[in-house]
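Contents: one structure, followed by commentary.
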Amino acid sequence: MNVRQENQRLAILVDADNVEILGDGPRAKIDLAALTDRINHRQLVRAIYYKPEKHFSKAARRHVERKGFEAYATFKNSDAWIIADAIALAQKVDVLTFVGIDRDFEPIIPMIKSYGVRVEGWGDRKSSRLNS
């Protein structure tokens, strides 16, 4: 059962490379507005979109920012950046939502849950098993 209360503080962390790989085609786009619609009136504390800088044009960054997300251009793979922010945010939110994550993130999920934070995975079936 998913309990979503209006007073829950929520952070959304998007691994753009994984989301695009899971989409239709090699560079499928995600609907950032649809993601923010899924918060169900919870208080959005942070929404961060991570993408390696070599594939993240200035125009794409501006687009992400216009949709209400912080645009983080990372060096190579974004996983380490997402993990670091997830650990830091776990002390400031009630719900931490990963979008487009893969099994690389499984080791940090128990630690985040140990702070009393609900973990959600939005994306394909692999991430949905992280919901708790």
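Each chain in the structure tokens gets a letter, A, B and so on, in the order shown; residues start at 1 in every chain, and ligands are counted from 1 in the order they appear.
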Close residues, region 94-104 of chain A itself excluded, 8 Å, only C-alpha atoms, min 4 positions apart in chain, as a compact mmCIF listing (two decimals) with N, CA and C atoms, in the first residue's frame:
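Writing the result to result_18.txt gives the following:
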# COMPACT_ATOMS: atom_id res chain seq x y z
N GLN A 8 4.26 15.15 3.36
CA GLN A 8 5.54 14.47 3.16
C GLN A 8 6.47 15.34 2.32
N ARG A 9 7.72 15.42 2.75
CA ARG A 9 8.74 16.14 1.98
C ARG A 9 9.38 15.14 1.01
N LEU A 10 9.45 15.51 -0.25
CA LEU A 10 9.87 14.61 -1.32
C LEU A 10 11.05 15.17 -2.09
N ALA A 11 11.98 14.29 -2.43
CA ALA A 11 13.07 14.63 -3.36
C ALA A 11 13.03 13.63 -4.50
N ILE A 12 13.25 14.13 -5.72
CA ILE A 12 13.28 13.28 -6.91
C ILE A 12 14.67 13.38 -7.52
N LEU A 13 15.30 12.22 -7.73
CA LEU A 13 16.63 12.15 -8.34
C LEU A 13 16.52 11.35 -9.64
N VAL A 14 16.86 11.97 -10.76
CA VAL A 14 16.69 11.36 -12.08
C VAL A 14 18.05 11.02 -12.67
N ASP A 15 18.25 9.74 -12.97
CA ASP A 15 19.44 9.29 -13.70
C ASP A 15 19.09 9.31 -15.18
N ALA A 16 19.41 10.41 -15.85
CA ALA A 16 18.96 10.63 -17.23
C ALA A 16 19.45 9.55 -18.19
N ASP A 17 20.67 9.09 -18.03
CA ASP A 17 21.17 8.07 -18.94
C ASP A 17 20.33 6.81 -18.87
N ASN A 18 20.00 6.36 -17.69
CA ASN A 18 19.20 5.14 -17.56
C ASN A 18 17.78 5.34 -18.07
N VAL A 19 17.20 6.49 -17.82
CA VAL A 19 15.84 6.76 -18.28
C VAL A 19 15.81 6.76 -19.80
N LEU A 22 16.05 3.25 -21.12
CA LEU A 22 14.84 2.47 -20.92
C LEU A 22 13.70 2.91 -21.83
N ASP A 79 26.11 7.97 -11.34
CA ASP A 79 25.74 7.19 -10.15
C ASP A 79 26.33 7.74 -8.85
N ALA A 86 21.66 11.45 -2.50
CA ALA A 86 20.64 10.66 -1.81
C ALA A 86 20.95 10.54 -0.33
N LEU A 89 20.33 13.99 1.27
CA LEU A 89 18.92 14.33 1.33
C LEU A 89 18.12 13.44 2.27
N ALA A 90 18.61 12.25 2.55
CA ALA A 90 17.89 11.32 3.42
C ALA A 90 17.63 11.91 4.79
N GLY A 116 14.45 6.28 8.23
CA GLY A 116 13.01 6.41 8.27
C GLY A 116 12.44 7.02 7.00
N VAL A 117 13.21 7.00 5.94
CA VAL A 117 12.81 7.59 4.67
C VAL A 117 12.17 6.52 3.78
N ARG A 118 11.04 6.86 3.20
CA ARG A 118 10.40 5.98 2.22
C ARG A 118 11.18 6.11 0.91
N VAL A 119 11.46 4.98 0.27
CA VAL A 119 12.19 4.97 -1.00
C VAL A 119 11.24 4.52 -2.09
N GLU A 120 11.18 5.31 -3.17
CA GLU A 120 10.36 4.96 -4.32
C GLU A 120 11.24 4.87 -5.55
N GLY A 121 10.92 3.95 -6.41
CA GLY A 121 11.60 3.84 -7.69
C GLY A 121 10.60 4.01 -8.80
N TRP A 122 10.75 5.05 -9.60
CA TRP A 122 9.86 5.28 -10.73
C TRP A 122 10.62 4.92 -11.99
N GLY A 123 10.05 4.12 -12.80
CA GLY A 123 10.73 3.72 -14.03
C GLY A 123 10.25 2.36 -14.47
N ASP A 124 11.18 1.55 -14.91
CA ASP A 124 10.80 0.21 -15.37
C ASP A 124 10.59 -0.72 -14.19
N LYS A 126 12.44 -2.95 -12.95
CA LYS A 126 13.61 -3.13 -12.07
C LYS A 126 13.59 -2.13 -10.93
N SER A 127 13.18 -0.90 -11.19
CA SER A 127 13.18 0.10 -10.13
C SER A 127 11.94 0.00 -9.25
Inset, instruction - Quote the spacing between CA of Glu65 (chain A) and CA of Lys51 (chain A) in Å to one decimal place. - result: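 Here the two named atoms are 13.0 Å from each other.
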Legend entry - Within 10 Å of Asp31 (chain A) using only C-alpha atoms, minus same-chain residues under 3 positions, as a ChimeraX atom specification: /A:28,34-36,64,67
Inset, instruction - Kindly indicate which residue among A:Ile108, A:Glu53, A:Arg66, A:Ala59 lies nearest to Ala88 (chain A), using only C-alpha atoms for the distances. - result: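 Checking each candidate against Ala88 (chain A), we get A:Ile108 as the closest.
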Inset, instruction - Any chance you could list, as a PyMOL selection string, the residues in region 31-65 of chain A that come up strand (DSSP E) when DSSP is run on the backbone? - result: chain A and resi 43-52
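CA of Trp81 (chain A) is found 19.2 Å from CA of Gly68 (chain A).
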Legend entry - Interatomic distance, CA of Ala47 (chain A) to CA of Ile82 (chain A) (Å, one decimal):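 Computed distance, CA of Ala47 (chain A) to CA of Ile82 (chain A), equals 11.5 Å.
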Inset, instruction - Would you return as a VMD selection string the members of region 10-107 of chain A that DSSP assigns to helix (DSSP H, G or I) on this structure's backbone? - result: chain A and resid 16 to 22 32 to 37 53 to 55 58 to 66 79 to 89 103 to 107
Selected residues, C-alpha atoms, written as a short mmCIF file (atom, residue, chain, number, x, y, z; two decimals), in the first residue's frame, please.
data_model
loop_
_atom_site.label_atom_id
_atom_site.label_comp_id
_atom_site.auth_asym_id
_atom_site.auth_seq_id
_atom_site.Cartn_x
_atom_site.Cartn_y
_atom_site.Cartn_z
CA ALA A 16 18.96 10.63 -17.23
CA ASP A 17 21.17 8.07 -18.94
CA ASN A 18 19.20 5.14 -17.56
CA VAL A 19 15.84 6.76 -18.28
CA GLU A 20 16.82 7.43 -21.87
CA ILE A 21 18.12 3.89 -22.29
CA LEU A 22 14.84 2.47 -20.92
CA LEU A 32 9.56 15.95 -16.63
CA ALA A 33 6.17 17.60 -16.16
CA ALA A 34 4.55 14.16 -15.85
CA LEU A 35 7.11 13.26 -13.19
CA THR A 36 6.26 16.27 -11.08
CA ASP A 37 2.54 15.48 -11.49
CA GLU A 53 28.31 16.74 -19.28
CA LYS A 54 29.56 15.44 -22.64
CA HIS A 55 25.94 14.54 -23.54
CA LYS A 58 23.27 24.01 -22.64
CA ALA A 59 19.90 23.98 -24.40
CA ALA A 60 19.01 20.65 -22.76
CA ARG A 61 20.04 22.01 -19.36
CA ARG A 62 17.84 25.08 -19.82
CA HIS A 63 14.93 22.82 -20.81
CA VAL A 64 15.38 20.71 -17.66
CA GLU A 65 15.56 23.83 -15.49
CA ARG A 66 12.40 25.30 -17.09
CA ASP A 79 25.74 7.19 -10.15
CA ALA A 80 28.23 8.52 -7.59
CA TRP A 81 26.66 11.98 -7.67
CA ILE A 82 23.19 10.57 -7.21
CA ILE A 83 24.29 8.36 -4.33
CA ALA A 84 26.03 11.26 -2.56
CA ASP A 85 22.97 13.48 -2.88
CA ALA A 86 20.64 10.66 -1.81
CA ILE A 87 22.59 10.17 1.41
CA ALA A 88 22.62 13.91 2.12
CA LEU A 89 18.92 14.33 1.33
CA ARG A 103 20.67 -2.32 -9.57
CA ASP A 104 23.77 -0.21 -8.90
CA PHE A 105 21.73 1.66 -6.29
CA GLU A 106 20.52 -1.34 -4.31
CA PRO A 107 23.32 -1.18 -1.67
#
